[in-house]
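Peer 1: I have a structure I would like to understand better, so I am pasting it below and will then ask my questions one at a time.
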Amino acid sequence: MRRFIWLAVLAAVGWSIWWTVATLGLVRGIDGWFATRQSEGWQAETSAIAFEGYPFDILLTLKDPALADPETGVAFEASALTLQAKLWAPGSMTLGLPDDPILLANPEDRYRLLTQKGQARLSVKTNAALELEDMMAAADAWLLSRDAGDLLSGGASEAAVQQDAEDPATYQFDLNVDALRPGEVMRDTLFIPEDWPVNFDRLTVQARVHFDRPWDVTALEVSRPQPRRIVINEAEAIWGELRLRFAAGLEVDEVGNASGTVNVQARNWRAMLTLAETGGVLPSALKPQIEQALSTFAGLSGNPEALDLTLTLREGFVSLGFLPLGQAPRLILR
């Protein structure tokens, strides 16, 4: 009996030492990462790092974290972030977001992201690069806004990322958003009629993207991996009487120009065309020409209000059959 008690005591002491070493090691690693970013000219600071979770979890709370990259102008600020992992599985972590707004900034604008029960569960390889294997981000509700007002909001939302086991630079992306709502800023910018539905009925995306390198810690420290091949298996948005579905296969060069095809299926496409014009996406001078061409394509399908067509991209330029539509946006992650 006495031997059993001593073994239990030794096991408890050993476990406690393991928890302490692992927790303090993670704290020192985070402190070191912030210090390295500061030496590179970043704003990288946190007012304190608190830890708890004994005996089975490592739970860190970063208070007032702030990051700003001087080269890209991208910045992040929050009142707190929590990082939780099991002691025996340090590569699987849960990142918890605060209930108050998070500041996101780039050289063009400043945004605020507010979430309810926002968190991200992620798994990384336990090597120096911390290569991302999979991630599941979710929130009961969220709101993206800027100083001028609300941009977008949504209800229960999930975004999943899964690394390909055979090709580490390829990831599967799945997105589902419930009750997506354009805010007043977006509705005013696109001149959306007041009688249109407030929320989208459905928004889903399933895509597979090959990058020039895997996503790891260098995506924060150096630069973002860039897409080189994009396959959109299915994307669907339903907004009242409007329905848009599309699939795509694109190759992207080193400067972000895409080549490939995009298949588009649209119901009530004339209303979409009007939105594109009023929102400034489609030049008014081109609208009659494009509307006439689309009417011809729609007539071929037997339903004048439905479209099923294929856009061709070649070195960054878009065309619909013989009709040139202009230059496509470059696909570059800043």
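Going by the structure tokens order, chains are called A, B, ..., each with residues numbered from 1, while ligands are numbered from 1 in the order shown.
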Neighbouring residues of A:Leu244 were defined as those with any atom within 12 Å, considering only C-alpha atoms; residues of the same chain fewer than 4 positions away were excluded. Please report them as a list of chain:residue names.
Peer 2: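 Selected residues are A:Phe200, A:Asp201, A:Arg202, A:Leu203, A:Thr204, A:Val205, A:Glu234, A:Ala235, A:Glu236, A:Ala237, A:Ile238, A:Trp239, A:Gly240, A:Asn263, A:Val264, A:Gln265, A:Ala266, A:Arg267, A:Asn268, A:Trp269, A:Ala271, A:Met272, A:Ala306, A:Leu307, A:Asp308, A:Leu309.
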Peer 1: Excluding A:Glu108 and any residue of its chain fewer than 2 positions from it, enumerate the residues within 12 Å of it, using only C-alpha atoms, and give them as a ChimeraX atom specification.
Peer 2: /A:72-75,104-106,110-111,146
Peer 1: With distances taken over only C-alpha atoms, which residue among A:Gln119, A:Glu221, A:Val13, A:Pro324 lies nearest A:Ser39?
Peer 2: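 Looking only at the distances to A:Ser39, the closest residue turns out to be A:Glu221.
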Peer 1: With only C-alpha atoms as the counted atoms, please give the residues lying no more than 8 Å from A:Ile230, apart from itself and same-chain residues fewer than 3 positions off, as a PyMOL selection string.
Peer 2: chain A and resi 207-210+227+248-252
Peer 1: Given the choices A:Leu60, A:Arg181, A:Glu131, A:Gly299, which gets closest to A:Arg28 if the distance is worked out from only C-alpha atoms?
Peer 2: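 Comparing A:Leu60, A:Arg181, A:Glu131, A:Gly299 against A:Arg28, the winner is A:Leu60.
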Peer 1: Report as a ChimeraX atom specification all protein, DNA and RNA residues lying within 10 Å of stretch 86-103 of chain A, evaluated on only C-alpha atoms, omitting residues in the same chain fewer than 4 positions from it.
Peer 2: /A:15,18-19,22-23,26,53-61,66,75-82,110-127,130-137,139,142-146
Peer 1: Pull the helix (DSSP H, G or I) assignments for stretch 42-259 of chain A out of DSSP run on the backbone, and list those residues as a list in words.
Peer 2: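 DSSP-assigned helix (DSSP H, G or I) residues in stretch 42-259 of chain A: Glu184, Val185, Met186, Arg187, Asp188, Thr189, Thr218, Ala219, Leu220 and Glu221 of chain A.
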Peer 1: Would you please give, as a ChimeraX atom specification, all residues of stretch 75-243 of chain A that DSSP assigns to strand (DSSP E) based on the backbone?
Peer 2: /A:75-77,80-86,89-96,102-105,110-116,119-124,132-139,141-146,149-154,157-163,170-177,181-182,202-211,227-239,242-243
Peer 1: Would you mind exporting the chosen residues as a compact mmCIF listing (two decimals), in the first residue's frame, restricted to C-alpha atoms?
Peer 2:
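As a result, out_11.txt now contains:
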# COMPACT_ATOMS: atom_id res chain seq x y z
CA ALA A 75 -2.72 45.18 -38.59
CA PHE A 76 -4.64 43.30 -35.89
CA GLU A 77 -5.75 44.31 -32.40
CA ALA A 80 -7.79 39.23 -25.62
CA LEU A 81 -7.17 35.90 -27.32
CA THR A 82 -7.29 32.48 -25.69
CA LEU A 83 -5.24 29.48 -26.81
CA GLN A 84 -6.13 26.06 -25.42
CA ALA A 85 -4.48 22.67 -26.01
CA LYS A 86 -4.42 19.28 -24.33
CA ALA A 89 -1.60 16.95 -27.92
CA PRO A 90 0.12 20.34 -28.26
CA GLY A 91 -0.39 20.36 -32.03
CA SER A 92 -4.20 20.53 -31.70
CA MET A 93 -5.33 23.90 -30.40
CA THR A 94 -8.46 25.98 -30.01
CA LEU A 95 -8.22 29.72 -30.54
CA GLY A 96 -10.96 31.71 -28.80
CA ILE A 102 -11.45 42.93 -33.17
CA LEU A 103 -9.65 45.57 -35.23
CA LEU A 104 -8.46 44.49 -38.71
CA ALA A 105 -6.66 47.02 -40.89
CA ARG A 110 -9.94 49.76 -41.05
CA TYR A 111 -12.51 47.10 -40.16
CA ARG A 112 -14.07 45.75 -36.99
CA LEU A 113 -15.08 42.12 -36.57
CA LEU A 114 -17.52 41.21 -33.81
CA THR A 115 -18.33 37.56 -33.15
CA GLN A 116 -20.53 35.59 -30.78
CA GLN A 119 -13.43 30.17 -32.16
CA ALA A 120 -11.10 28.23 -34.42
CA ARG A 121 -9.92 24.66 -33.84
CA LEU A 122 -6.69 23.97 -35.68
CA SER A 123 -4.11 21.25 -35.96
CA VAL A 124 -0.51 21.97 -36.89
CA LEU A 132 -1.29 23.88 -40.90
CA GLU A 133 -2.99 20.49 -41.26
CA ASP A 134 -6.63 21.44 -40.70
CA MET A 135 -8.79 24.17 -39.22
CA MET A 136 -12.46 24.63 -38.36
CA ALA A 137 -13.62 28.17 -37.62
CA ALA A 138 -17.14 28.79 -36.36
CA ALA A 139 -19.31 31.48 -34.79
CA ALA A 141 -23.12 35.14 -35.29
CA TRP A 142 -20.72 37.79 -36.63
CA LEU A 143 -20.63 41.37 -37.88
CA LEU A 144 -18.02 43.06 -40.09
CA SER A 145 -18.12 46.86 -40.07
CA ARG A 146 -16.04 49.95 -40.69
CA GLY A 149 -21.28 51.52 -40.99
CA ASP A 150 -21.96 47.79 -41.24
CA LEU A 151 -20.63 45.84 -44.24
CA LEU A 152 -21.73 42.24 -43.72
CA SER A 153 -23.18 40.09 -40.97
CA GLY A 154 -24.18 36.48 -40.66
CA SER A 157 -21.26 30.11 -39.86
CA GLU A 158 -18.56 27.49 -40.40
CA ALA A 159 -15.38 27.51 -42.45
CA ALA A 160 -13.24 24.37 -42.75
CA VAL A 161 -9.73 23.96 -44.18
CA GLN A 162 -8.13 20.54 -44.74
CA GLN A 163 -4.59 19.92 -45.99
CA THR A 170 -3.07 21.90 -51.47
CA TYR A 171 -6.05 22.62 -49.22
CA GLN A 172 -9.77 21.88 -49.36
CA PHE A 173 -12.02 24.80 -48.33
CA ASP A 174 -15.66 24.51 -47.26
CA LEU A 175 -17.78 27.50 -46.26
CA ASN A 176 -21.37 27.63 -45.01
CA VAL A 177 -23.00 30.87 -43.88
CA ARG A 181 -26.91 40.04 -44.53
CA PRO A 182 -25.40 42.92 -46.53
CA ARG A 202 -28.05 30.31 -48.69
CA LEU A 203 -24.34 30.75 -49.21
CA THR A 204 -22.05 27.75 -49.63
CA VAL A 205 -18.63 27.27 -51.20
CA GLN A 206 -16.58 24.11 -51.82
CA ALA A 207 -13.16 24.70 -53.34
CA ARG A 208 -9.71 23.15 -53.63
CA VAL A 209 -6.69 25.44 -53.86
CA HIS A 210 -3.04 24.64 -54.56
CA PHE A 211 -0.60 27.25 -53.19
CA PRO A 227 -2.70 30.47 -55.03
CA ARG A 228 -1.47 28.73 -58.16
CA ARG A 229 -4.43 26.48 -59.01
CA ILE A 230 -8.06 26.98 -57.95
CA VAL A 231 -10.83 24.45 -58.46
CA ILE A 232 -14.26 25.55 -57.26
CA ASN A 233 -16.38 22.43 -57.17
CA GLU A 234 -19.53 24.31 -56.23
CA ALA A 235 -20.50 27.75 -54.99
CA GLU A 236 -24.10 28.81 -54.52
CA ALA A 237 -25.80 31.98 -53.36
CA ILE A 238 -29.58 32.36 -53.10
CA TRP A 239 -31.00 35.79 -52.36
CA LEU A 242 -31.88 35.59 -57.38
CA ARG A 243 -29.88 32.40 -57.58
Peer 1: One decimal, in Å: what's the spacing between atom CA of A:Gly302 and atom CA of A:Leu320?
Peer 2: 19.0 Å
Peer 1: What does the distance from atom CA of A:Ala258 to atom CA of A:Pro225 come to in Å, to one decimal?
Peer 2: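 A separation of 16.0 Å between them.
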Peer 1: What lies within 9 Å of A:Glu277 using only C-alpha atoms, ignoring chain neighbours under 5 positions off, as an MDAnalysis selection string?
Peer 2: chainID A and resid 190 272 282:284 287
